[in-house]
Amino acid sequence: MTDKYTAFYQEYRNKLFSYLVYKSGDSELSRDIMQESFTRHFHHYGREAVISPALLFTIARHALVDHLRQQNKFQVVENSIPTTSADEENSFIAREKSARINKMMNRLPEQDRDILTLAVTGVAYKEIAATFKLSVANVKVRVHRARTRLRQMMTDEVK
């Protein structure tokens, strides 16, 4: 592996893993698909000068969809916050907040959910735009609107 590709891997492995865990709800499956995605990306594009995060996320998304089709099951993520605290009350509150946010996220269109998830995990707007074949301005608008919709849903839920 080249030094350039190693740096690329170090920068994007956690971002890709977070995205896949959100999409699948299964950390073991996410690790497998992440590894497979980096392998495919490196095999086909990594040896050239083309190191594209957008291409990596597209490969990962397609691998996840292929796996879920093969398994013929789609999972809904309910309680995705791992608990490390001994305080059960705080753990319960965190799970409840996570479940509420996931429920509200599911009300958004799928592409908006994906775009927002990538933005929250730290993927640059330019890379998100390339992944979804959108302009950077369009990605910014969609992220802003998705966040605004989530805030409004949370406000409406409190009332």
# chains A, B, ... in the order shown; residues from 1 in each chain; ligands from 1
>>> residues_around(residues="Ile128 of chain A", least_positions_apart="3", cutoff="9 Å", atoms="only C-alpha atoms", output="list in words")
Pro53, Ala54, Phe57, Ile115, Leu118, Ala119, Val123, Ala124, Tyr125, Thr131, Phe132, Lys133, Leu134, Val136 and Val139 of chain A
>>> residues_around(residues="Phe8 of chain A", least_positions_apart="2", cutoff="12 Å", atoms="only C-alpha atoms", output="mmCIF file with C-alpha atoms, in the first residue's frame")
data_model
loop_
_atom_site.group_PDB
_atom_site.id
_atom_site.type_symbol
_atom_site.label_atom_id
_atom_site.label_comp_id
_atom_site.auth_asym_id
_atom_site.auth_seq_id
_atom_site.Cartn_x
_atom_site.Cartn_y
_atom_site.Cartn_z
ATOM 1 C CA MET A 1 0.000 0.000 0.000
ATOM 2 C CA THR A 2 1.287 3.459 -0.790
ATOM 3 C CA ASP A 3 1.840 6.130 1.843
ATOM 4 C CA LYS A 4 -0.804 8.253 0.145
ATOM 5 C CA TYR A 5 -3.385 5.483 0.312
ATOM 6 C CA THR A 6 -2.456 4.692 3.924
ATOM 7 C CA GLN A 10 -6.468 6.568 8.237
ATOM 8 C CA GLU A 11 -8.561 9.648 7.467
ATOM 9 C CA TYR A 12 -11.706 7.867 6.247
ATOM 10 C CA ARG A 13 -11.940 4.572 8.095
ATOM 11 C CA ASN A 14 -13.816 5.986 11.126
ATOM 12 C CA LYS A 15 -16.065 8.148 8.964
ATOM 13 C CA LEU A 16 -16.990 5.215 6.746
ATOM 14 C CA PHE A 38 -11.449 -0.265 1.046
ATOM 15 C CA HIS A 41 -11.418 0.791 -3.838
ATOM 16 C CA PHE A 42 -7.691 0.088 -3.535
ATOM 17 C CA GLY A 46 -5.895 3.087 -5.190
ATOM 18 C CA ALA A 49 -3.673 8.756 -8.689
ATOM 19 C CA VAL A 50 -7.439 8.505 -8.105
ATOM 20 C CA ILE A 51 -8.130 8.419 -4.382
ATOM 21 C CA SER A 52 -11.750 9.472 -4.133
ATOM 22 C CA PRO A 53 -13.719 9.475 -0.880
ATOM 23 C CA LEU A 56 -15.296 4.867 -1.521
#
>>> atom_distance(atom1="atom CA of Met154 of chain A", atom2="atom CA of Ile101 of chain A")
8.3 Å
>>> residues_around(residues="Leu150 of chain A", least_positions_apart="6", cutoff="12 Å", atoms="only C-alpha atoms", output="number ranges by chain")
A: 100-109, 112-113, 116, 143-144, 156-157
>>> write_last_selection(atoms="C-alpha atoms", output="PDB file, in the first residue's frame")
ATOM      1  CA  ARG A 100     -36.222   9.864  19.177  1.00  0.00           C
ATOM      2  CA  ILE A 101     -33.628  11.231  16.779  1.00  0.00           C
ATOM      3  CA  ASN A 102     -33.615   8.013  14.734  1.00  0.00           C
ATOM      4  CA  LYS A 103     -37.403   8.080  14.568  1.00  0.00           C
ATOM      5  CA  MET A 104     -37.296  11.657  13.301  1.00  0.00           C
ATOM      6  CA  MET A 105     -34.459  10.891  10.893  1.00  0.00           C
ATOM      7  CA  ASN A 106     -36.612   8.136   9.391  1.00  0.00           C
ATOM      8  CA  ARG A 107     -39.188  10.764   8.463  1.00  0.00           C
ATOM      9  CA  LEU A 108     -36.664  12.472   6.196  1.00  0.00           C
ATOM     10  CA  PRO A 109     -36.221  11.292   2.602  1.00  0.00           C
ATOM     11  CA  ASP A 112     -31.390  13.516   2.850  1.00  0.00           C
ATOM     12  CA  ARG A 113     -30.761  11.074   5.731  1.00  0.00           C
ATOM     13  CA  LEU A 116     -26.960  14.457   6.764  1.00  0.00           C
ATOM     14  CA  VAL A 143     -28.044  19.541   5.043  1.00  0.00           C
ATOM     15  CA  HIS A 144     -29.410  22.866   6.283  1.00  0.00           C
ATOM     16  CA  ASP A 156     -43.270  19.946  17.710  1.00  0.00           C
ATOM     17  CA  GLU A 157     -42.745  16.793  19.773  1.00  0.00           C
TER      18      GLU A 157
END
>>> select_by_dssp(residues="chain A", states="helix (DSSP H, G or I)", output="PyMOL selection string")
chain A and resi 3-24+27-46+53-71+88-105+110-120+125-132+136-158
>>> residues_around(residues="Leu29 of chain A", least_positions_apart="5", cutoff="9 Å", atoms="only C-alpha atoms", output="short mmCIF file (atom, residue, chain, number, x, y, z; two decimals) with C-alpha atoms, in the first residue's frame")
data_model
loop_
_atom_site.label_atom_id
_atom_site.label_comp_id
_atom_site.auth_asym_id
_atom_site.auth_seq_id
_atom_site.Cartn_x
_atom_site.Cartn_y
_atom_site.Cartn_z
CA LEU A 20 -22.16 2.04 7.83
CA VAL A 21 -23.13 1.46 11.48
CA SER A 24 -26.96 -1.14 9.07
CA MET A 34 -15.77 -1.27 5.42
CA LEU A 64 -24.33 -2.73 2.05
#
>>> closest_residue(among="A:Ser18, A:Thr58, A:Lys23, A:Lys97", to="Ser37 of chain A", atoms="only C-alpha atoms")
A:Thr58
>>> atom_distance(atom1="atom CA of Ile33 of chain A", atom2="atom CA of Ala63 of chain A")
6.6 Å
>>> atom_distance(atom1="atom CA of Ser30 of chain A", atom2="atom CA of Ala129 of chain A")
22.7 Å
